[in-house]
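Below is the file protein20.cif, which contains mmCIF, C-alpha atoms.
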data_model
loop_
_atom_site.label_atom_id
_atom_site.label_comp_id
_atom_site.auth_asym_id
_atom_site.auth_seq_id
_atom_site.Cartn_x
_atom_site.Cartn_y
_atom_site.Cartn_z
CA MET A 1 0.00 0.00 0.00
CA PRO A 2 1.19 3.56 -0.70
CA ASN A 3 2.86 5.36 2.17
CA GLU A 4 0.47 8.29 2.30
CA ARG A 5 2.20 9.78 5.32
CA LEU A 6 5.47 9.97 3.43
CA ARG A 7 3.78 11.34 0.32
CA ALA A 8 1.96 14.04 2.32
CA ALA A 9 5.12 15.07 4.17
CA MET A 10 6.99 15.46 0.86
CA VAL A 11 4.17 17.57 -0.60
CA GLU A 12 4.17 19.74 2.51
CA GLN A 13 7.91 20.31 2.11
CA GLY A 14 7.56 20.92 -1.65
CA LEU A 15 9.82 17.98 -2.47
CA THR A 16 9.61 16.02 -5.69
CA HIS A 17 10.93 12.49 -6.06
CA HIS A 18 13.92 13.78 -8.01
CA ALA A 19 14.70 16.53 -5.51
CA LEU A 20 14.58 14.20 -2.53
CA ALA A 21 16.69 11.59 -4.34
CA GLU A 22 19.32 14.24 -5.10
CA GLU A 23 19.40 15.46 -1.50
CA LEU A 24 19.82 11.95 -0.11
CA GLY A 25 22.17 10.75 -2.84
CA VAL A 26 19.97 7.82 -3.83
CA ASN A 27 18.38 6.64 -7.05
CA VAL A 28 15.03 8.28 -7.83
CA LYS A 29 13.59 4.79 -8.33
CA SER A 30 14.27 4.10 -4.65
CA VAL A 31 12.28 7.18 -3.62
CA GLU A 32 9.43 6.11 -5.88
CA ARG A 33 9.39 2.65 -4.25
CA TRP A 34 9.38 4.22 -0.79
CA VAL A 35 6.36 6.33 -1.66
CA VAL A 36 4.33 3.53 -3.23
CA GLY A 37 5.16 1.31 -0.26
CA ALA A 38 7.04 -1.30 -2.29
CA ILE A 39 10.09 -1.13 0.01
CA VAL A 40 11.08 0.48 3.29
CA PRO A 41 14.24 2.62 3.39
CA PHE A 42 17.29 1.31 5.18
CA PRO A 43 17.61 2.65 8.77
CA ARG A 44 20.18 5.31 7.79
CA ASN A 45 17.94 6.72 5.06
CA ARG A 46 14.87 6.50 7.29
CA HIS A 47 16.60 8.69 9.84
CA ARG A 48 17.73 11.23 7.24
CA LEU A 49 14.25 11.33 5.70
CA ALA A 50 12.58 11.83 9.06
CA VAL A 51 14.89 14.73 9.87
CA ARG A 52 14.43 16.30 6.43
CA LEU A 53 10.65 16.00 6.58
CA SER A 54 10.39 16.99 10.27
CA ARG A 55 8.54 13.81 11.13
CA ASP A 56 9.22 10.95 13.55
CA GLU A 57 10.37 7.67 12.04
CA SER A 58 7.63 5.92 14.01
CA TYR A 59 5.05 8.12 12.25
CA LEU A 60 6.36 7.53 8.72
CA TRP A 61 7.15 3.81 9.12
CA PRO A 62 5.40 2.43 12.23
CA ASP A 63 5.91 -1.22 11.22
CA ALA A 64 9.58 -0.85 10.31
CA LEU A 65 10.69 -0.01 13.82
CA THR A 66 8.83 -3.03 15.14
CA ARG A 67 10.69 -5.24 12.64
CA ASP A 68 14.01 -3.60 13.53
CA ARG A 69 13.43 -4.27 17.22
CA ALA A 70 12.47 -7.88 16.54
CA ALA A 71 15.65 -8.36 14.50
CA ALA A 72 17.77 -6.80 17.23
CA LEU A 73 16.18 -9.02 19.88
CA ALA A 74 16.77 -12.12 17.77
CA GLU A 75 20.41 -11.19 17.33
CA SER A 76 20.71 -10.72 21.09
CA GLU A 77 19.46 -14.27 21.65
CA VAL A 78 22.41 -15.73 19.72
CA VAL A 79 25.18 -16.42 22.23
CA ARG A 80 27.58 -18.24 19.94
CA ILE A 81 27.72 -20.15 16.66
CA TYR A 82 29.91 -23.22 16.21
CA PRO A 83 30.70 -24.21 12.59
CA HIS A 84 30.41 -27.88 13.59
CA ARG A 85 28.60 -29.58 16.45
CA ALA A 86 31.76 -31.57 17.05
CA ASP A 87 33.53 -28.30 17.96
CA VAL A 88 31.46 -27.90 21.14
CA PRO A 89 33.60 -28.98 24.13
CA ALA A 90 32.21 -31.82 26.24
CA ASP A 91 32.19 -29.53 29.28
CA GLU A 92 29.81 -27.18 27.45
CA TRP A 93 27.27 -29.98 27.00
CA ARG A 94 27.38 -30.94 30.66
CA GLN A 95 27.19 -27.30 31.73
CA LEU A 96 24.11 -26.78 29.59
CA PHE A 97 22.20 -29.49 31.41
CA GLU A 98 23.71 -28.65 34.79
CA ASP A 99 22.19 -25.18 34.43
CA GLY A 100 18.68 -26.56 33.86
CA ASN A 101 16.50 -26.67 36.96
CA GLU A 102 12.97 -26.91 35.58
CA ASP A 103 12.80 -28.16 31.99
CA ILE A 104 15.50 -30.18 30.24
CA GLY A 105 14.90 -31.55 26.77
CA ILE A 106 16.75 -33.49 24.07
CA LEU A 107 15.31 -33.88 20.57
CA VAL A 108 17.47 -35.97 18.24
CA TYR A 109 17.39 -38.92 15.91
CA ALA A 110 19.99 -40.84 17.92
CA GLY A 111 22.27 -38.39 19.75
CA LEU A 112 24.55 -41.31 20.47
CA PHE A 113 27.37 -39.05 21.62
CA LEU A 114 25.20 -38.01 24.58
CA ALA A 115 23.89 -41.49 25.36
CA GLU A 116 27.49 -42.75 25.55
CA ASP A 117 28.44 -40.07 28.09
CA SER A 118 27.99 -41.68 31.51
CA GLY A 119 28.79 -38.38 33.22
CA LEU A 120 25.98 -36.67 31.36
CA GLN A 121 23.60 -39.46 32.28
CA ARG A 122 24.45 -38.85 35.93
CA VAL A 123 23.62 -35.16 35.46
CA LEU A 124 20.23 -36.03 33.91
CA ARG A 125 19.46 -38.50 36.70
CA LYS A 126 20.39 -35.92 39.33
CA LYS A 127 18.27 -33.22 37.69
CA GLY A 128 15.24 -35.49 37.40
CA LYS A 129 15.55 -36.53 41.03
CA ALA A 130 15.79 -32.86 42.07
CA GLY A 131 12.46 -32.06 40.40
CA ALA A 132 13.36 -30.99 36.87
CA ARG A 133 11.28 -32.38 34.03
CA VAL A 134 13.71 -34.25 31.77
CA ARG A 135 12.34 -35.24 28.34
CA ILE A 136 14.31 -37.19 25.76
CA LEU A 137 13.02 -37.67 22.22
CA LEU A 138 14.68 -40.26 19.97
CA GLY A 139 13.74 -41.11 16.41
CA ASP A 140 11.66 -44.21 15.85
CA PRO A 141 14.22 -46.61 14.33
CA ASP A 142 11.49 -48.20 12.16
CA ASP A 143 10.34 -44.87 10.69
CA VAL A 144 10.84 -44.24 6.97
CA HIS A 145 12.39 -40.84 7.70
CA ILE A 146 15.25 -42.55 9.52
CA ALA A 147 15.97 -44.71 6.49
CA GLU A 148 15.84 -41.66 4.22
CA ARG A 149 18.24 -39.73 6.46
CA SER A 150 20.70 -42.64 6.44
CA GLU A 151 20.47 -42.80 2.66
CA GLU A 152 21.15 -39.06 2.39
CA GLU A 153 24.34 -39.53 4.39
CA GLY A 154 25.32 -42.67 2.49
CA ILE A 155 25.61 -44.78 5.64
CA GLY A 156 23.11 -47.57 5.03
CA ASP A 157 20.95 -48.26 8.09
CA ALA A 158 23.48 -46.82 10.53
CA ILE A 159 21.13 -44.22 12.07
CA ALA A 160 18.53 -46.85 13.00
CA ALA A 161 21.32 -48.91 14.55
CA LYS A 162 22.55 -45.88 16.48
CA ILE A 163 19.05 -45.23 17.82
CA ARG A 164 18.74 -48.80 19.05
CA ASN A 165 22.16 -48.47 20.65
CA ALA A 166 21.08 -45.25 22.37
CA GLN A 167 17.93 -46.97 23.67
CA VAL A 168 20.07 -49.63 25.29
CA LEU A 169 22.49 -47.09 26.76
CA TYR A 170 19.62 -45.06 28.22
CA GLY A 171 18.10 -48.20 29.76
CA GLY A 172 19.17 -47.22 33.26
CA LEU A 173 17.28 -43.92 33.00
CA LEU A 174 14.07 -45.31 31.55
CA HIS A 175 12.34 -45.54 34.94
CA ALA A 176 14.35 -42.85 36.75
CA PRO A 177 12.29 -40.18 38.58
CA GLY A 178 11.46 -37.13 36.47
CA ILE A 179 12.80 -38.58 33.20
CA GLU A 180 10.55 -39.39 30.24
CA PHE A 181 11.41 -40.95 26.89
CA ARG A 182 9.42 -40.83 23.65
CA LEU A 183 10.00 -41.91 20.04
CA HIS A 184 9.13 -39.50 17.24
CA ARG A 185 8.49 -39.90 13.51
CA THR A 186 9.37 -36.33 12.57
CA VAL A 187 11.39 -35.06 9.64
CA LEU A 188 14.02 -33.51 11.86
CA TYR A 189 15.32 -30.21 10.51
CA ASN A 190 17.22 -29.44 13.70
CA SER A 191 18.28 -31.34 16.79
CA ILE A 192 17.29 -29.35 19.86
CA TYR A 193 18.87 -29.47 23.30
CA ARG A 194 17.33 -27.22 25.93
CA ALA A 195 17.80 -26.43 29.59
CA ASP A 196 15.25 -23.88 30.79
CA ASP A 197 15.95 -20.74 28.71
CA ARG A 198 19.21 -21.98 27.16
CA LEU A 199 19.39 -23.99 23.94
CA PHE A 200 21.81 -25.70 21.60
CA VAL A 201 20.32 -26.03 18.10
CA ASN A 202 22.18 -28.35 15.73
CA THR A 203 21.09 -27.66 12.15
CA HIS A 204 20.70 -30.56 9.74
CA ILE A 205 22.18 -30.18 6.26
CA TYR A 206 21.43 -32.54 3.38
CA GLY A 207 24.21 -35.08 2.91
CA LEU A 208 26.15 -33.91 5.98
CA PRO A 209 26.40 -35.79 9.32
CA ALA A 210 24.95 -33.83 12.23
CA ALA A 211 28.36 -33.68 13.94
CA GLN A 212 29.71 -31.71 10.98
CA ALA A 213 26.76 -29.31 10.74
CA PRO A 214 26.62 -25.92 12.53
CA LEU A 215 25.31 -25.48 16.05
CA TRP A 216 23.64 -22.35 17.44
CA GLN A 217 23.93 -21.55 21.13
CA LEU A 218 20.86 -19.52 22.11
CA ARG A 219 19.37 -17.96 25.22
CA LYS A 220 15.75 -16.85 25.32
CA ILE A 221 15.27 -13.24 26.42
CA PRO A 222 12.04 -11.31 27.14
CA GLY A 223 10.47 -10.16 23.89
CA GLY A 224 12.70 -12.35 21.73
CA GLU A 225 11.18 -14.84 19.30
CA LEU A 226 14.12 -16.84 17.90
CA ALA A 227 14.64 -19.23 20.81
CA GLY A 228 10.89 -19.52 21.23
CA HIS A 229 10.49 -20.96 17.73
CA TYR A 230 12.70 -23.91 18.66
CA LEU A 231 11.09 -24.37 22.07
CA ASP A 232 7.66 -24.49 20.41
CA SER A 233 8.97 -26.96 17.83
CA PHE A 234 10.18 -29.24 20.62
CA GLU A 235 6.74 -29.17 22.24
CA ARG A 236 4.99 -30.04 18.96
CA VAL A 237 7.23 -33.04 18.38
CA TRP A 238 6.79 -34.17 21.98
CA ALA A 239 3.00 -33.97 21.71
CA ASP A 240 2.95 -36.27 18.66
CA ALA A 241 5.55 -38.76 19.91
CA THR A 242 4.86 -42.12 21.56
CA PRO A 243 6.25 -43.38 24.88
CA MET A 244 9.39 -45.46 24.58
CA THR A 245 9.31 -48.91 26.11
CA GLU A 246 12.17 -51.15 27.07
CA SER A 247 13.86 -52.64 24.00
#

Take the structure in the file and give it back as structure tokens.
Amino acid sequence: MPNERLRAAMVEQGLTHHALAEELGVNVKSVERWVVGAIVPFPRNRHRLAVRLSRDESYLWPDALTRDRAAALAESEVVRIYPHRADVPADEWRQLFEDGNEDIGILVYAGLFLAEDSGLQRVLRKKGKAGARVRILLGDPDDVHIAERSEEEGIGDAIAAKIRNAQVLYGGLLHAPGIEFRLHRTVLYNSIYRADDRLFVNTHIYGLPAAQAPLWQLRKIPGGELAGHYLDSFERVWADATPMTES
């Protein structure tokens, strides 16, 4: 929709598209797109325009400032980015779950590297006993998505085998207080590891093992949406998953 507020302010100042473009040092086509509402000026130009037209930015582009704030909040939620999951030190994984006091969650296909960590299992047992809700989601080894993922990575049926191995390794936690296990049949775009408001998000890339794919370290902050997207995704997968029984 046309930006009538911008158009009216330019008319009031006696500015044509060409004149304003010359003053700002931009292409006249850009000014035309601003006026018809096709695009929103970059922040620097928005500020210069607001000063030139004696109007507040929030008056001329009320939605733009909301989007800018949302983007800034999302950026603030990113604590660190690792180029590969394998680059995350073992101590960082244990510290993540040590810091969780209310809600700890693991959403993976197999996550065998965690299941093999006896020290981490002790942390999960301790947290569950202390009252935290610990939820672990593994892929259903018989699901077609697991076979497809293995094929993508060129490793035969290795992922299904890893899941079954993880089930065995987690056997001692299956009936531990506060700890719940479920199997999911989800096309997993990201593996999610959460401890209260902190998350590790391991992206999945076609043809690349999860250990070699990037990992985002996030922390949810008031007003931020980025971490919340992954927390909501975890809850949706959990709701559709089935309880895991002893293998």

Might you pull out every residue within 8 Å of stretch 190-196 of chain A, with only C-alpha atoms counted and same-chain residues fewer than 4 positions away left off, and present them as an mmCIF file with C-alpha atoms, in the coordinates of the input?
data_model
loop_
_atom_site.group_PDB
_atom_site.id
_atom_site.type_symbol
_atom_site.label_atom_id
_atom_site.label_comp_id
_atom_site.auth_asym_id
_atom_site.auth_seq_id
_atom_site.Cartn_x
_atom_site.Cartn_y
_atom_site.Cartn_z
ATOM 1 C CA LEU A 96 24.110 -26.780 29.590
ATOM 2 C CA PHE A 97 22.200 -29.490 31.410
ATOM 3 C CA ASP A 99 22.190 -25.180 34.430
ATOM 4 C CA GLY A 100 18.680 -26.560 33.860
ATOM 5 C CA ASN A 101 16.500 -26.670 36.960
ATOM 6 C CA GLU A 102 12.970 -26.910 35.580
ATOM 7 C CA ASP A 103 12.800 -28.160 31.990
ATOM 8 C CA ILE A 104 15.500 -30.180 30.240
ATOM 9 C CA GLY A 105 14.900 -31.550 26.770
ATOM 10 C CA ILE A 106 16.750 -33.490 24.070
ATOM 11 C CA LEU A 107 15.310 -33.880 20.570
ATOM 12 C CA VAL A 108 17.470 -35.970 18.240
ATOM 13 C CA TYR A 109 17.390 -38.920 15.910
ATOM 14 C CA PHE A 200 21.810 -25.700 21.600
ATOM 15 C CA VAL A 201 20.320 -26.030 18.100
ATOM 16 C CA ASN A 202 22.180 -28.350 15.730
ATOM 17 C CA THR A 203 21.090 -27.660 12.150
ATOM 18 C CA HIS A 204 20.700 -30.560 9.740
ATOM 19 C CA TYR A 230 12.700 -23.910 18.660
ATOM 20 C CA LEU A 231 11.090 -24.370 22.070
ATOM 21 C CA PHE A 234 10.180 -29.240 20.620
#

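Considering the residues A:Ala211, A:Ala8, A:Val35, A:Val78 and counting all atoms listed in the file, A:Gly111 has its shortest atom-to-atom contact with A:Ala211.
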
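Taking atom CA of A:Lys162 and atom CA of A:Met244 as endpoints, the distance between them is 15.5 Å.
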
Pairwise distance, atom CA of A:Tyr189 with atom CA of A:Thr245, equals 25.1 Å

Expansion of the PyMOL selection byres ((chain A and resi 240) around 12) into residues, as a PyMOL selection string:
chain A and resi 137+182-186+233-239+241-243

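Of the residues under consideration (A:Arg55, A:Leu120, A:Leu138, A:Pro41), A:Leu120 shows the shortest atom-to-atom contact distance to A:Glu92 when counting only C-alpha atoms.
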
Please write the residues picked by the PyMOL selection byres ((chain A and resi 127) around 9) on this file as a list in words. Phe97, Glu98, Gly100, Asn101, Glu102, Ile104, Arg122, Val123, Leu124, Arg125, Lys126, Gly128, Lys129, Ala130, Gly131, Ala132, Arg133, Val134, Gly178 and Ile179 of chain A

Quiz prompt | stretch 15-22 of chain A environment, 7 Å, all atoms listed in the file, sequence neighbours closer than 5 positions dropped, as number ranges by chain | solution = A: 10, 27-28, 31-32

Print the selection's residues with C-alpha atoms to a file, as an mmCIF file, in the coordinates of the input.
data_model
loop_
_atom_site.group_PDB
_atom_site.id
_atom_site.type_symbol
_atom_site.label_atom_id
_atom_site.label_comp_id
_atom_site.auth_asym_id
_atom_site.auth_seq_id
_atom_site.Cartn_x
_atom_site.Cartn_y
_atom_site.Cartn_z
ATOM 1 C CA MET A 10 6.990 15.460 0.860
ATOM 2 C CA ASN A 27 18.380 6.640 -7.050
ATOM 3 C CA VAL A 28 15.030 8.280 -7.830
ATOM 4 C CA VAL A 31 12.280 7.180 -3.620
ATOM 5 C CA GLU A 32 9.430 6.110 -5.880
#
